[in-house]
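One file, target-v3.cif, is given below (mmCIF, C-alpha atoms).
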data_entry
loop_
_atom_site.label_atom_id
_atom_site.label_comp_id
_atom_site.auth_asym_id
_atom_site.auth_seq_id
_atom_site.Cartn_x
_atom_site.Cartn_y
_atom_site.Cartn_z
CA MET P 12 -18.36 1.60 35.55
CA ASN P 13 -18.07 -0.19 32.22
CA THR P 14 -18.23 3.14 30.39
CA LEU P 15 -15.55 4.61 32.65
CA GLY P 16 -13.33 1.58 32.17
CA THR P 17 -13.73 1.80 28.40
CA ALA P 18 -12.85 5.50 28.45
CA LEU P 19 -9.76 4.88 30.57
CA ARG P 20 -8.59 2.08 28.28
CA ALA P 21 -9.12 4.30 25.25
CA THR P 22 -7.15 7.12 26.88
CA PHE P 23 -4.35 5.25 28.62
CA GLY P 24 -4.38 1.97 26.71
CA ARG P 25 -1.57 0.32 24.81
CA ARG P 26 -1.95 2.57 21.76
CA ALA P 27 -1.49 5.71 23.87
CA TRP P 28 1.88 4.50 25.14
CA LEU P 29 2.96 3.27 21.72
CA THR P 30 2.17 6.61 20.09
CA THR P 31 3.98 8.44 22.90
CA MET P 32 7.05 6.29 22.29
CA LEU P 33 6.65 6.99 18.56
CA ALA P 34 6.62 10.76 19.20
CA ALA P 35 9.76 10.57 21.35
CA GLN P 36 11.49 8.43 18.75
CA THR P 37 10.45 10.81 15.97
CA THR P 38 12.21 13.65 17.77
CA LEU P 39 15.50 11.74 17.81
CA LEU P 40 15.03 10.29 14.34
CA GLY P 41 14.15 13.68 12.83
CA THR P 42 17.27 15.27 14.33
CA LEU P 43 19.44 12.45 12.99
CA SER P 44 17.89 12.48 9.51
CA PHE P 45 18.19 16.27 9.26
CA ALA P 46 21.85 16.27 10.21
CA LEU P 47 22.93 13.35 8.01
CA VAL P 48 20.86 14.03 4.89
CA LEU P 49 21.56 17.77 4.99
CA THR P 50 25.30 17.10 5.19
CA PHE P 51 25.33 14.98 2.04
CA VAL P 52 22.88 17.23 0.16
CA VAL P 53 24.96 20.34 0.83
CA ALA P 54 28.21 18.55 0.03
CA GLY P 55 26.80 17.08 -3.17
CA ALA P 56 25.10 20.28 -4.34
CA SER P 57 28.22 22.37 -3.75
CA THR P 58 30.37 19.98 -5.81
CA VAL P 59 27.82 18.98 -8.45
CA TRP P 60 29.90 20.75 -11.07
CA LEU P 61 32.50 18.07 -10.42
CA MET P 62 30.35 15.10 -11.44
CA PRO P 63 32.54 12.23 -10.16
CA VAL P 64 32.32 13.79 -6.68
CA GLY P 65 29.03 15.68 -6.51
CA LEU P 66 26.68 13.09 -8.04
CA PRO P 67 27.82 10.23 -5.78
CA LEU P 68 27.33 12.49 -2.75
CA LEU P 69 23.81 13.38 -3.88
CA TRP P 70 23.13 9.69 -4.49
CA LEU P 71 24.31 8.93 -0.95
CA ALA P 72 21.90 11.57 0.36
CA LEU P 73 19.00 9.96 -1.53
CA ALA P 74 20.02 6.44 -0.52
CA LEU P 75 20.25 7.54 3.11
CA ALA P 76 16.81 9.17 2.89
CA HIS P 77 15.46 5.89 1.51
CA GLN P 78 16.81 4.03 4.55
CA PHE P 79 15.04 6.53 6.83
CA ALA P 80 11.86 5.91 4.79
CA ARG P 81 12.26 2.15 5.30
CA PHE P 82 12.67 2.68 9.03
CA GLU P 83 9.58 4.90 9.02
CA SER P 84 7.66 2.12 7.28
CA TRP P 85 8.80 -0.35 9.95
CA ARG P 86 7.79 2.04 12.74
CA CYS P 87 4.30 2.52 11.30
CA ARG P 88 3.79 -1.22 11.23
CA ALA P 89 5.39 -1.91 14.63
CA TYR P 90 3.84 0.97 16.61
CA LEU P 91 0.58 1.63 14.76
CA GLY P 92 -0.12 -1.69 13.06
CA GLU P 93 -0.45 0.11 9.71
CA PRO P 94 1.33 -1.18 6.59
CA LEU P 95 3.27 1.48 4.70
CA PRO P 96 4.48 0.12 1.34
CA LEU P 97 7.38 2.04 -0.16
CA ARG P 98 8.32 2.74 -3.75
CA LEU P 99 10.37 0.11 -5.50
CA VAL P 100 14.11 0.72 -5.64
CA PRO P 101 15.01 1.70 -9.23
CA PRO P 102 16.62 -1.22 -11.08
CA GLY P 103 20.23 -1.16 -12.15
CA ALA P 104 21.87 -2.23 -15.37
CA SER P 105 21.94 -5.74 -16.75
CA PRO P 106 24.28 -8.26 -15.04
CA GLY P 107 26.70 -8.15 -18.01
CA SER P 108 27.42 -4.44 -17.65
CA GLY P 109 30.23 -4.82 -15.13
CA TRP P 110 30.24 -3.57 -11.57
CA LEU P 111 31.06 0.03 -12.56
CA GLY P 112 28.27 0.14 -15.13
CA ARG P 113 25.77 -1.39 -12.72
CA ALA P 114 26.76 1.06 -9.97
CA TRP P 115 26.42 4.05 -12.31
CA SER P 116 23.07 2.79 -13.61
CA ARG P 117 21.65 2.36 -10.10
CA MET P 118 22.93 5.77 -9.06
CA TRP P 119 21.51 7.53 -12.11
CA ALA P 120 18.15 5.72 -11.80
CA ARG P 121 17.78 6.90 -8.20
CA LEU P 122 18.84 10.45 -9.02
CA ARG P 123 16.22 10.83 -11.75
CA THR P 124 13.36 9.23 -9.79
CA GLY P 125 10.93 11.71 -8.28
CA GLY P 126 10.05 9.40 -5.41
CA SER P 127 13.66 9.47 -4.19
CA TRP P 128 13.54 13.25 -3.91
CA LEU P 129 10.22 13.06 -2.03
CA GLU P 130 11.87 10.70 0.44
CA THR P 131 14.70 13.22 0.79
CA VAL P 132 12.25 16.06 1.47
CA TYR P 133 10.52 13.86 4.04
CA ALA P 134 13.80 13.06 5.82
CA LEU P 135 15.12 16.61 5.58
CA PHE P 136 12.06 18.66 6.52
CA VAL P 137 8.92 16.68 7.44
CA LEU P 138 10.43 14.21 9.90
CA PRO P 139 12.43 16.87 11.81
CA LEU P 140 9.42 19.22 11.94
CA LEU P 141 7.12 16.48 13.23
CA GLY P 142 9.74 15.47 15.76
CA TRP P 143 10.67 18.90 17.03
CA VAL P 144 7.22 20.48 17.16
CA GLY P 145 5.05 17.44 17.80
CA GLY P 146 7.51 15.80 20.17
CA TRP P 147 7.88 19.04 22.12
CA VAL P 148 4.09 19.41 22.45
CA VAL P 149 3.61 15.80 23.62
CA ALA P 150 6.54 16.01 26.04
CA THR P 151 5.24 19.32 27.41
CA PHE P 152 1.80 17.90 28.14
CA TRP P 153 3.14 14.70 29.74
CA GLY P 154 5.78 16.55 31.75
CA GLY P 155 3.40 19.37 32.67
CA ALA P 156 0.77 16.87 33.82
CA ILE P 157 3.26 15.19 36.14
CA ALA P 158 4.61 18.49 37.46
CA PHE P 159 1.15 19.92 38.16
CA LEU P 160 -0.15 16.73 39.77
CA LEU P 161 2.86 16.61 42.08
CA PHE P 162 2.45 20.27 43.09
CA PRO P 163 0.91 19.36 46.49
CA ALA P 164 4.15 17.52 47.35
CA TYR P 165 6.47 20.45 46.68
CA GLY P 166 4.31 23.59 46.40
CA HIS P 167 4.62 24.50 50.08
CA ARG P 168 8.40 24.72 49.71
CA LEU P 169 8.31 27.30 46.95
CA GLY P 170 7.24 30.17 49.20
CA GLY P 171 5.90 33.45 47.88
CA PRO P 172 2.29 34.34 47.10
CA ASP P 173 -0.05 31.63 45.85
CA GLU P 174 -1.14 33.46 42.72
CA VAL P 175 -2.68 31.97 39.60
CA VAL P 176 -2.98 34.38 36.65
CA GLY P 177 -2.44 37.28 39.02
CA VAL P 178 -5.16 36.19 41.46
CA ASP P 179 -4.14 35.21 45.00
CA LEU P 180 -6.09 32.01 45.72
CA GLY P 181 -4.22 30.96 48.82
CA TYR P 182 -2.31 27.71 49.10
CA GLY P 183 -5.40 25.49 49.01
CA GLY P 184 -6.83 27.20 45.94
CA SER P 185 -3.46 27.06 44.20
CA VAL P 186 -3.19 23.31 44.87
CA ALA P 187 -6.70 22.75 43.51
CA VAL P 188 -5.99 24.67 40.32
CA HIS P 189 -2.68 22.88 39.75
CA VAL P 190 -4.29 19.45 40.24
CA VAL P 191 -7.17 20.25 37.88
CA VAL P 192 -4.78 21.51 35.19
CA GLY P 193 -2.60 18.45 35.74
CA VAL P 194 -5.54 16.09 35.27
CA LEU P 195 -6.60 17.91 32.08
CA ALA P 196 -3.05 17.74 30.72
CA LEU P 197 -2.80 14.07 31.67
CA VAL P 198 -5.99 13.29 29.75
CA ALA P 199 -4.99 15.42 26.77
CA ALA P 200 -1.43 14.05 26.41
CA PRO P 201 -2.38 10.55 25.08
CA TRP P 202 -4.83 12.02 22.58
CA LEU P 203 -2.25 14.51 21.38
CA ALA P 204 0.23 11.68 20.92
CA GLN P 205 -2.33 9.65 18.95
CA GLY P 206 -3.26 12.66 16.85
CA LEU P 207 0.39 13.33 16.08
CA ALA P 208 0.86 9.68 15.10
CA ALA P 209 -2.16 9.85 12.79
CA LEU P 210 -0.78 13.03 11.19
CA GLU P 211 2.63 11.44 10.72
CA LEU P 212 1.05 8.35 9.17
CA ALA P 213 -1.08 10.44 6.78
CA ILE P 214 1.89 12.52 5.61
CA ALA P 215 4.07 9.43 5.25
CA ARG P 216 1.40 7.72 3.14
CA ARG P 217 1.15 10.80 0.93
CA MET P 218 4.87 11.25 0.40
CA LEU P 219 6.41 7.77 0.70
CA CYS P 220 3.82 5.38 -0.74
CA PRO P 221 3.76 4.72 -4.50
CA ARG P 222 1.03 6.24 -6.67
CA GLY P 223 -0.18 5.72 -10.23
CA SER P 224 2.14 3.58 -12.31
CA GLU P 225 4.47 3.18 -9.32
CA ALA P 226 1.60 1.74 -7.27
CA LEU P 227 0.75 -0.64 -10.11
CA ALA P 228 4.39 -1.78 -10.33
CA ARG P 229 4.47 -2.27 -6.57
CA ARG P 230 1.23 -4.28 -6.70
CA VAL P 231 2.64 -6.49 -9.45
CA ALA P 232 5.76 -7.11 -7.37
CA ASP P 233 3.61 -7.96 -4.32
CA LEU P 234 1.52 -10.39 -6.38
CA GLU P 235 4.67 -12.05 -7.71
CA ALA P 236 5.94 -12.44 -4.15
CA SER P 237 2.52 -13.77 -3.10
CA ARG P 238 2.55 -16.33 -5.90
CA ALA P 239 6.07 -17.40 -5.00
CA GLY P 240 4.96 -17.74 -1.38
CA MET P 241 2.01 -19.92 -2.41
CA VAL P 242 4.25 -22.22 -4.46
CA THR P 243 6.83 -22.46 -1.68
CA ALA P 244 4.22 -23.09 1.02
CA ALA P 245 2.48 -25.75 -1.09
CA ALA P 246 5.78 -27.51 -1.80
CA ALA P 247 6.73 -27.46 1.87
CA GLU P 248 3.31 -28.84 2.85
CA ARG P 249 3.58 -31.63 0.29
CA ARG P 250 7.03 -32.62 1.57
CA ARG P 251 5.70 -32.62 5.14
CA ILE P 252 2.81 -34.90 4.22
CA GLU P 253 5.09 -37.25 2.30
CA ARG P 254 7.52 -37.40 5.22
CA ASP P 255 4.80 -38.01 7.79
CA LEU P 256 3.21 -40.75 5.69
CA HIS P 257 6.52 -42.45 4.95
CA ASP P 258 7.99 -42.26 8.44
CA GLY P 259 4.75 -42.77 10.36
CA ALA P 260 1.63 -44.51 9.11
CA GLN P 261 3.35 -46.33 6.23
CA GLN P 262 5.94 -47.91 8.53
CA ARG P 263 3.26 -48.99 10.98
CA LEU P 264 1.11 -50.53 8.23
CA VAL P 265 4.14 -52.43 6.91
CA SER P 266 4.71 -53.73 10.43
CA VAL P 267 1.03 -54.76 10.65
CA ALA P 268 1.30 -56.64 7.32
CA MET P 269 4.44 -58.47 8.47
CA THR P 270 2.84 -59.38 11.81
CA LEU P 271 -0.28 -60.72 10.08
CA GLY P 272 1.92 -62.74 7.76
CA ARG P 273 3.69 -64.32 10.70
CA ALA P 274 0.34 -65.02 12.33
CA GLN P 275 -0.93 -66.71 9.18
CA GLU P 276 2.11 -69.00 9.08
CA ARG P 277 1.64 -70.01 12.75
CA PHE P 278 -2.16 -70.16 12.69
CA THR P 279 -2.39 -73.99 12.84
CA ALA P 280 0.80 -74.92 14.67
CA ASP P 281 0.71 -72.28 17.45
CA PRO P 282 -2.81 -70.85 18.14
CA ASP P 283 -1.70 -69.08 21.35
CA GLY P 284 1.22 -67.39 19.62
CA THR P 285 -1.08 -66.44 16.76
CA ARG P 286 -3.45 -64.68 19.14
CA GLY P 287 -0.51 -62.71 20.54
CA LEU P 288 0.56 -61.68 17.03
CA LEU P 289 -3.02 -60.65 16.18
CA ALA P 290 -3.21 -58.55 19.34
CA GLU P 291 0.09 -56.90 18.40
CA ALA P 292 -1.19 -56.21 14.88
CA HIS P 293 -4.42 -54.79 16.31
CA ALA P 294 -2.53 -52.41 18.61
CA GLU P 295 -0.23 -51.32 15.79
CA THR P 296 -3.26 -50.68 13.56
CA LYS P 297 -4.78 -48.41 16.20
CA ARG P 298 -1.52 -46.49 16.47
CA ALA P 299 -1.49 -46.08 12.67
CA LEU P 300 -5.08 -44.78 12.80
CA VAL P 301 -4.07 -42.22 15.44
CA GLU P 302 -1.21 -41.01 13.25
CA LEU P 303 -3.49 -40.79 10.21
CA ARG P 304 -6.04 -38.86 12.30
CA ASP P 305 -3.32 -36.46 13.44
CA LEU P 306 -2.18 -36.07 9.84
CA ALA P 307 -5.75 -35.31 8.72
CA ARG P 308 -6.07 -32.80 11.56
CA GLY P 309 -2.85 -31.21 10.37
CA LEU P 310 -4.29 -30.81 6.88
CA HIS P 311 -7.45 -29.04 8.09
CA PRO P 312 -8.91 -29.81 11.53
CA ALA P 313 -12.64 -30.43 11.68
CA VAL P 314 -13.06 -28.08 14.66
CA LEU P 315 -11.71 -25.22 12.52
CA THR P 316 -14.42 -25.85 9.93
CA ASP P 317 -17.17 -26.26 12.52
CA ARG P 318 -16.34 -23.54 15.06
CA GLY P 319 -13.66 -21.34 13.51
CA LEU P 320 -10.63 -19.91 15.28
CA ASP P 321 -12.62 -19.33 18.48
CA GLY P 322 -13.00 -23.08 18.88
CA ALA P 323 -9.76 -24.30 17.28
CA LEU P 324 -7.14 -22.13 18.99
CA PRO P 325 -7.98 -23.29 22.57
CA GLY P 326 -7.21 -26.84 21.43
CA LEU P 327 -3.77 -25.77 20.20
CA ALA P 328 -3.12 -23.93 23.46
CA ALA P 329 -4.17 -26.96 25.51
CA ARG P 330 -1.72 -29.22 23.67
CA CYS P 331 1.21 -26.83 24.20
CA PRO P 332 3.53 -28.01 27.03
CA ILE P 333 3.80 -24.49 28.52
CA PRO P 334 0.96 -22.27 29.82
CA VAL P 335 -0.67 -20.25 27.04
CA THR P 336 -2.90 -17.20 27.51
CA LEU P 337 -5.62 -16.72 24.90
CA ASP P 338 -7.23 -13.48 23.69
CA VAL P 339 -9.41 -14.36 20.70
CA ALA P 340 -12.13 -12.18 19.18
CA VAL P 341 -12.50 -12.79 15.44
CA ALA P 342 -16.20 -12.25 14.80
CA PRO P 343 -17.37 -12.17 12.09
CA ARG P 344 -15.50 -15.22 10.82
CA PRO P 345 -13.07 -14.63 7.96
CA SER P 346 -12.85 -16.86 4.90
CA ALA P 347 -11.81 -20.51 5.27
CA GLU P 348 -8.47 -19.84 3.57
CA VAL P 349 -7.58 -17.02 5.96
CA GLU P 350 -8.71 -19.10 8.97
CA ALA P 351 -6.47 -21.96 7.83
CA VAL P 352 -3.43 -19.69 7.46
CA ALA P 353 -4.04 -18.17 10.90
CA TYR P 354 -4.52 -21.61 12.49
CA PHE P 355 -1.34 -23.11 11.05
CA PHE P 356 0.59 -19.93 11.88
CA VAL P 357 -0.37 -20.35 15.55
CA ALA P 358 0.33 -24.10 15.47
CA GLU P 359 3.81 -23.63 13.99
CA ALA P 360 4.59 -20.75 16.33
CA LEU P 361 3.63 -22.78 19.41
CA THR P 362 5.72 -25.70 18.14
CA ASN P 363 8.73 -23.41 17.77
CA ILE P 364 8.17 -22.02 21.27
CA ALA P 365 7.99 -25.51 22.80
CA ARG P 366 11.14 -26.69 20.98
CA HIS P 367 13.45 -23.70 20.89
CA ALA P 368 12.30 -20.73 22.98
CA ALA P 369 13.02 -21.96 26.53
CA ALA P 370 9.94 -19.96 27.54
CA GLN P 371 7.83 -20.14 30.68
CA THR P 372 4.63 -18.68 29.21
CA ALA P 373 3.17 -17.80 25.83
CA ARG P 374 0.32 -15.59 24.65
CA ILE P 375 -1.97 -15.76 21.61
CA VAL P 376 -3.89 -12.69 20.46
CA ALA P 377 -6.25 -12.96 17.48
CA ARG P 378 -8.49 -10.02 16.62
CA ARG P 379 -10.65 -8.95 13.71
CA ALA P 380 -10.07 -5.25 12.94
CA GLY P 381 -12.33 -4.20 10.08
CA ASP P 382 -11.22 -6.04 6.96
CA ARG P 383 -8.02 -7.35 8.58
CA LEU P 384 -7.29 -10.30 10.85
CA GLU P 385 -4.38 -9.68 13.22
CA VAL P 386 -2.80 -12.70 14.92
CA GLU P 387 0.11 -12.42 17.34
CA VAL P 388 1.98 -15.15 19.21
CA SER P 389 4.52 -14.06 21.84
CA ASP P 390 6.63 -15.72 24.52
CA ASP P 391 8.99 -14.75 27.33
CA GLY P 392 11.84 -16.99 26.18
CA ALA P 393 15.42 -16.42 25.11
CA GLY P 394 14.61 -14.54 21.90
CA GLY P 395 17.09 -14.29 19.05
CA ALA P 396 14.83 -15.96 16.47
CA SER P 397 15.66 -15.19 12.84
CA GLU P 398 14.38 -16.09 9.39
CA ALA P 399 17.94 -16.61 8.18
CA GLY P 400 19.42 -20.04 7.69
CA GLY P 401 16.27 -21.73 6.39
CA SER P 402 14.37 -21.58 9.69
CA GLY P 403 10.68 -22.38 9.92
CA LEU P 404 9.88 -18.68 10.17
CA SER P 405 10.35 -18.30 6.43
CA GLY P 406 7.56 -20.85 5.98
CA LEU P 407 5.27 -18.70 8.12
CA ARG P 408 6.03 -15.70 5.91
CA ASP P 409 5.25 -17.80 2.81
CA ARG P 410 1.88 -18.80 4.29
CA ALA P 411 1.03 -15.14 4.95
CA LEU P 412 2.10 -14.09 1.45
CA ALA P 413 -0.09 -16.84 0.00
CA VAL P 414 -3.21 -14.86 1.01
CA ASP P 415 -1.69 -11.41 0.41
CA GLY P 416 -0.90 -10.91 4.11
CA THR P 417 2.16 -9.64 5.96
CA PHE P 418 4.42 -11.28 8.52
CA SER P 419 6.80 -9.76 11.06
CA VAL P 420 9.07 -11.09 13.80
CA HIS P 421 10.54 -9.20 16.77
CA SER P 422 13.01 -11.27 18.75
CA ALA P 423 15.79 -9.35 20.44
CA PRO P 424 18.03 -11.66 22.50
CA GLY P 425 16.79 -12.00 26.08
CA THR P 426 13.41 -10.31 25.46
CA GLY P 427 11.34 -13.17 24.06
CA THR P 428 9.86 -13.50 20.58
CA THR P 429 6.75 -11.94 19.04
CA LEU P 430 5.43 -13.27 15.74
CA ARG P 431 2.66 -11.39 14.00
CA VAL P 432 0.61 -11.89 10.84
CA ASP P 433 -1.81 -9.38 9.34
CA LEU P 434 -4.23 -11.09 6.95
CA PRO P 435 -6.91 -9.58 4.69
CA CYS P 436 -10.54 -10.65 5.18
CA GLN P 437 -12.87 -10.56 2.22
CA ASN P 438 -16.11 -10.82 4.22
#
Translate the structure described by the file into structure tokens.
Amino acid sequence: MNTLGTALRATFGRRAWLTTMLAAQTTLLGTLSFALVLTFVVAGASTVWLMPVGLPLLWLALALAHQFARFESWRCRAYLGEPLPLRLVPPGASPGSGWLGRAWSRMWARLRTGGSWLETVYALFVLPLLGWVGGWVVATFWGGAIAFLLFPAYGHRLGGPDEVVGVDLGYGGSVAVHVVVGVLALVAAPWLAQGLAALELAIARRMLCPRGSEALARRVADLEASRAGMVTAAAAERRRIERDLHDGAQQRLVSVAMTLGRAQERFTADPDGTRGLLAEAHAETKRALVELRDLARGLHPAVLTDRGLDGALPGLAARCPIPVTLDVAVAPRPSAEVEAVAYFFVAEALTNIARHAAAQTARIVARRAGDRLEVEVSDDGAGGASEAGGSGLSGLRDRALAVDGTFSVHSAPGTGTTLRVDLPCQN
């Protein structure tokens, strides 16, 4: 039974439906990219002799193809969980060149970059071909499976001989053959969809991802962003610690000192009042210790060091004011730095859910997939979360960048919010 359940999950699991949705979307996206990019390419090529008209049209075609490549990169990450880094956009002129000079420089840089033309070929030929052929095959198998499996419900109304490949099997034999073919098509459809998605990802990596010097330039840019994220995250953490110490434990310790001073002054004249002041100072000291303990836990909780994410995340879920479902499987343990980033990502996400999401439930998924740690926190709240306006989500992205990871947020209004980090594991 366990083997059967595993086979069914592998065939009809979440990835099967995501890749089927990807195939259907590729059909629409390929049609749209073919129509739009072809229009500008033909218009630009036919008027290229008139440079002020033809070159801008060709540039628009390449810029539009780049936007389709960016959307393809987002789809690979959202549907397949695979990062797809794109080539860097060619730089423009210096800021002192004027807007016309900068526009011409950016246009000319894109026109003479080979990667831009590869993106155009991908949008003009590869994406439509994958969508039309692959989407048709996947849709045929899914639709055929449903039609064949439902044959017993409508086959008797068709009338005529019950022939299959020219052989009259009778109604019962015809039903049996249709059901068997339907089951085979139903089993094959998810695997075809996943195979098509793997093919699309492989071709996209080959044509859209940077190579050679372009890959080195992209890596340098990623490292610069990672360094900036580390600096920003460290500065934000320092400000948080300073604020918590100043507004919390420091204020309580000042209150304790003042209370002890009053007790000292009244020690001889009012022993009963002194005992009350000492009791007050003792209680305030305990509250200060609790705040310092919470602050130390916020820096790096001991349970994270001792038991890893498997032991630390249930504690976060238990302290959340709304019900939280846990799905944690991170063996073998990643490095301490990656564990800390994942822990604080979950802690901040749950804090945001409790304060702003108006959610009824939340879910935490943390899984080790090869050399990557994937952590996802989702809720069923109001949605509409955004990194704009200095929200705390930008801090989560900085934490992910600090260890060369990636961060994404999906939060359409009314559909809840899903936050996801993908972190590298060195061990």
The PyMOL selection byres ((chain P and resi 77) around 12) - which residues does that actually catch in the file I just gave you? List them as a CSV table (one decimal) with C-alpha atoms, in the coordinates of the input.
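Listed below is the output, part.csv:
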chain,number,residue,atom,x,y,z
P,44,SER,CA,17.9,12.5,9.5
P,48,VAL,CA,20.9,14.0,4.9
P,70,TRP,CA,23.1,9.7,-4.5
P,71,LEU,CA,24.3,8.9,-1.0
P,72,ALA,CA,21.9,11.6,0.4
P,73,LEU,CA,19.0,10.0,-1.5
P,74,ALA,CA,20.0,6.4,-0.5
P,75,LEU,CA,20.2,7.5,3.1
P,76,ALA,CA,16.8,9.2,2.9
P,78,GLN,CA,16.8,4.0,4.6
P,79,PHE,CA,15.0,6.5,6.8
P,80,ALA,CA,11.9,5.9,4.8
P,81,ARG,CA,12.3,2.2,5.3
P,82,PHE,CA,12.7,2.7,9.0
P,83,GLU,CA,9.6,4.9,9.0
P,84,SER,CA,7.7,2.1,7.3
P,97,LEU,CA,7.4,2.0,-0.2
P,98,ARG,CA,8.3,2.7,-3.8
P,99,LEU,CA,10.4,0.1,-5.5
P,100,VAL,CA,14.1,0.7,-5.6
P,101,PRO,CA,15.0,1.7,-9.2
P,121,ARG,CA,17.8,6.9,-8.2
P,122,LEU,CA,18.8,10.4,-9.0
P,124,THR,CA,13.4,9.2,-9.8
P,126,GLY,CA,10.0,9.4,-5.4
P,127,SER,CA,13.7,9.5,-4.2
P,128,TRP,CA,13.5,13.2,-3.9
P,129,LEU,CA,10.2,13.1,-2.0
P,130,GLU,CA,11.9,10.7,0.4
P,131,THR,CA,14.7,13.2,0.8
P,132,VAL,CA,12.2,16.1,1.5
P,133,TYR,CA,10.5,13.9,4.0
P,134,ALA,CA,13.8,13.1,5.8
P,135,LEU,CA,15.1,16.6,5.6
P,218,MET,CA,4.9,11.2,0.4
P,219,LEU,CA,6.4,7.8,0.7
P,220,CYS,CA,3.8,5.4,-0.7
Just want the 8 Å neighbourhood of stretch 369-373 of chain P, counted on only C-alpha atoms, with same-chain residues fewer than 3 positions away dropped. Output as a PyMOL selection string. chain P and resi 333-336+364-366+388-393+427
Might you pull out every residue within 12 Å of P:Trp147, with all atoms listed in the file counted and same-chain residues fewer than 5 positions away left off, and present them as a short mmCIF file (atom, residue, chain, number, x, y, z; two decimals) with C-alpha atoms, keeping the file's coordinate frame?
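Listed below is the output, around-v8.cif:
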data_model
loop_
_atom_site.label_atom_id
_atom_site.label_comp_id
_atom_site.auth_asym_id
_atom_site.auth_seq_id
_atom_site.Cartn_x
_atom_site.Cartn_y
_atom_site.Cartn_z
CA THR P 31 3.98 8.44 22.90
CA ALA P 34 6.62 10.76 19.20
CA ALA P 35 9.76 10.57 21.35
CA GLN P 36 11.49 8.43 18.75
CA THR P 37 10.45 10.81 15.97
CA THR P 38 12.21 13.65 17.77
CA LEU P 39 15.50 11.74 17.81
CA PRO P 139 12.43 16.87 11.81
CA LEU P 140 9.42 19.22 11.94
CA LEU P 141 7.12 16.48 13.23
CA GLY P 142 9.74 15.47 15.76
CA PHE P 152 1.80 17.90 28.14
CA TRP P 153 3.14 14.70 29.74
CA GLY P 154 5.78 16.55 31.75
CA GLY P 155 3.40 19.37 32.67
CA ALA P 200 -1.43 14.05 26.41
CA LEU P 203 -2.25 14.51 21.38
CA ALA P 204 0.23 11.68 20.92
CA LEU P 207 0.39 13.33 16.08
#
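In this comparison, which uses all atoms listed in the file, the residue of P:Arg254, P:Lys297, P:His421, P:His367 approaching P:Trp85 most closely is P:His421.
Distances from P:Tyr354, P:Tyr165, P:Phe23, P:Phe136 to P:Ala46 were compared using only C-alpha atoms, and the smallest one belongs to P:Phe136.
Interatomic distance, atom CA of P:Pro345 against atom CA of P:Arg431: 17.2 Å.
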Assuming 8 Å of padding per side, give the centre and edge lengths of the axis-aligned box around every listed atom of stretch 359-366 of chain P, in Å to one decimal and as AutoDock Vina command-line options.
--center_x 7.4 --center_y -23.7 --center_z 18.4 --size_x 23.5 --size_y 21.9 --size_z 24.8
Restricting to all atoms listed in the file, whichever of P:Asp433, P:Glu93, P:Asp283, P:Glu295 is closest to P:Gln262 is P:Glu295
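Closest approach to P:Val314 among P:Ala351, P:Ala368, P:Val341, P:Ala89 is made by P:Ala351 (distances from all atoms listed in the file).
Using all atoms listed in the file, the shortest contact distance between P:Gln275 and any of P:Leu43, P:Val144, P:Ala292, P:Glu350 is found at P:Ala292.
For the pair atom CA of P:Val194 and atom CA of P:Trp28, the interatomic distance is 17.1 Å.
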Length of the atom CA of P:Pro163 to atom CA of P:Val191 vector [Å]: 11.8 Å
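Candidate residues P:Leu300, P:Ala208, P:Leu412, P:Ala268 were compared for distance to P:Val432, and the nearest is P:Leu412, using only C-alpha atoms.
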Give me the residues near stretch 264-267 of chain P as number ranges by chain, where near means some atom within 9 Å (using only C-alpha atoms) and where sequence neighbours in that chain fewer than 3 positions away do not count. P: 259-261, 270-272, 291-293, 295-296, 299
Written as an mmCIF file with C-alpha atoms, keeping the file's coordinate frame, which residues does the PyMOL selection byres ((chain P and resi 91) around 10) give for the file shown?
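Written file, expr.cif:
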data_model
loop_
_atom_site.group_PDB
_atom_site.id
_atom_site.type_symbol
_atom_site.label_atom_id
_atom_site.label_comp_id
_atom_site.auth_asym_id
_atom_site.auth_seq_id
_atom_site.Cartn_x
_atom_site.Cartn_y
_atom_site.Cartn_z
ATOM 1 C CA ARG P 26 -1.950 2.570 21.760
ATOM 2 C CA LEU P 29 2.960 3.270 21.720
ATOM 3 C CA THR P 30 2.170 6.610 20.090
ATOM 4 C CA LEU P 33 6.650 6.990 18.560
ATOM 5 C CA TRP P 85 8.800 -0.350 9.950
ATOM 6 C CA ARG P 86 7.790 2.040 12.740
ATOM 7 C CA CYS P 87 4.300 2.520 11.300
ATOM 8 C CA ARG P 88 3.790 -1.220 11.230
ATOM 9 C CA ALA P 89 5.390 -1.910 14.630
ATOM 10 C CA TYR P 90 3.840 0.970 16.610
ATOM 11 C CA GLY P 92 -0.120 -1.690 13.060
ATOM 12 C CA GLU P 93 -0.450 0.110 9.710
ATOM 13 C CA PRO P 94 1.330 -1.180 6.590
ATOM 14 C CA GLN P 205 -2.330 9.650 18.950
ATOM 15 C CA ALA P 208 0.860 9.680 15.100
ATOM 16 C CA ALA P 209 -2.160 9.850 12.790
ATOM 17 C CA LEU P 212 1.050 8.350 9.170
#
For the point (-4.1, -21.5, 14.6) in file coordinates, what residues are within 7 Å, counting all atoms listed in the file? Give the answer as JSON, numbers by chain? {"P": [320, 323, 324, 353, 354, 355, 356, 357, 358]}
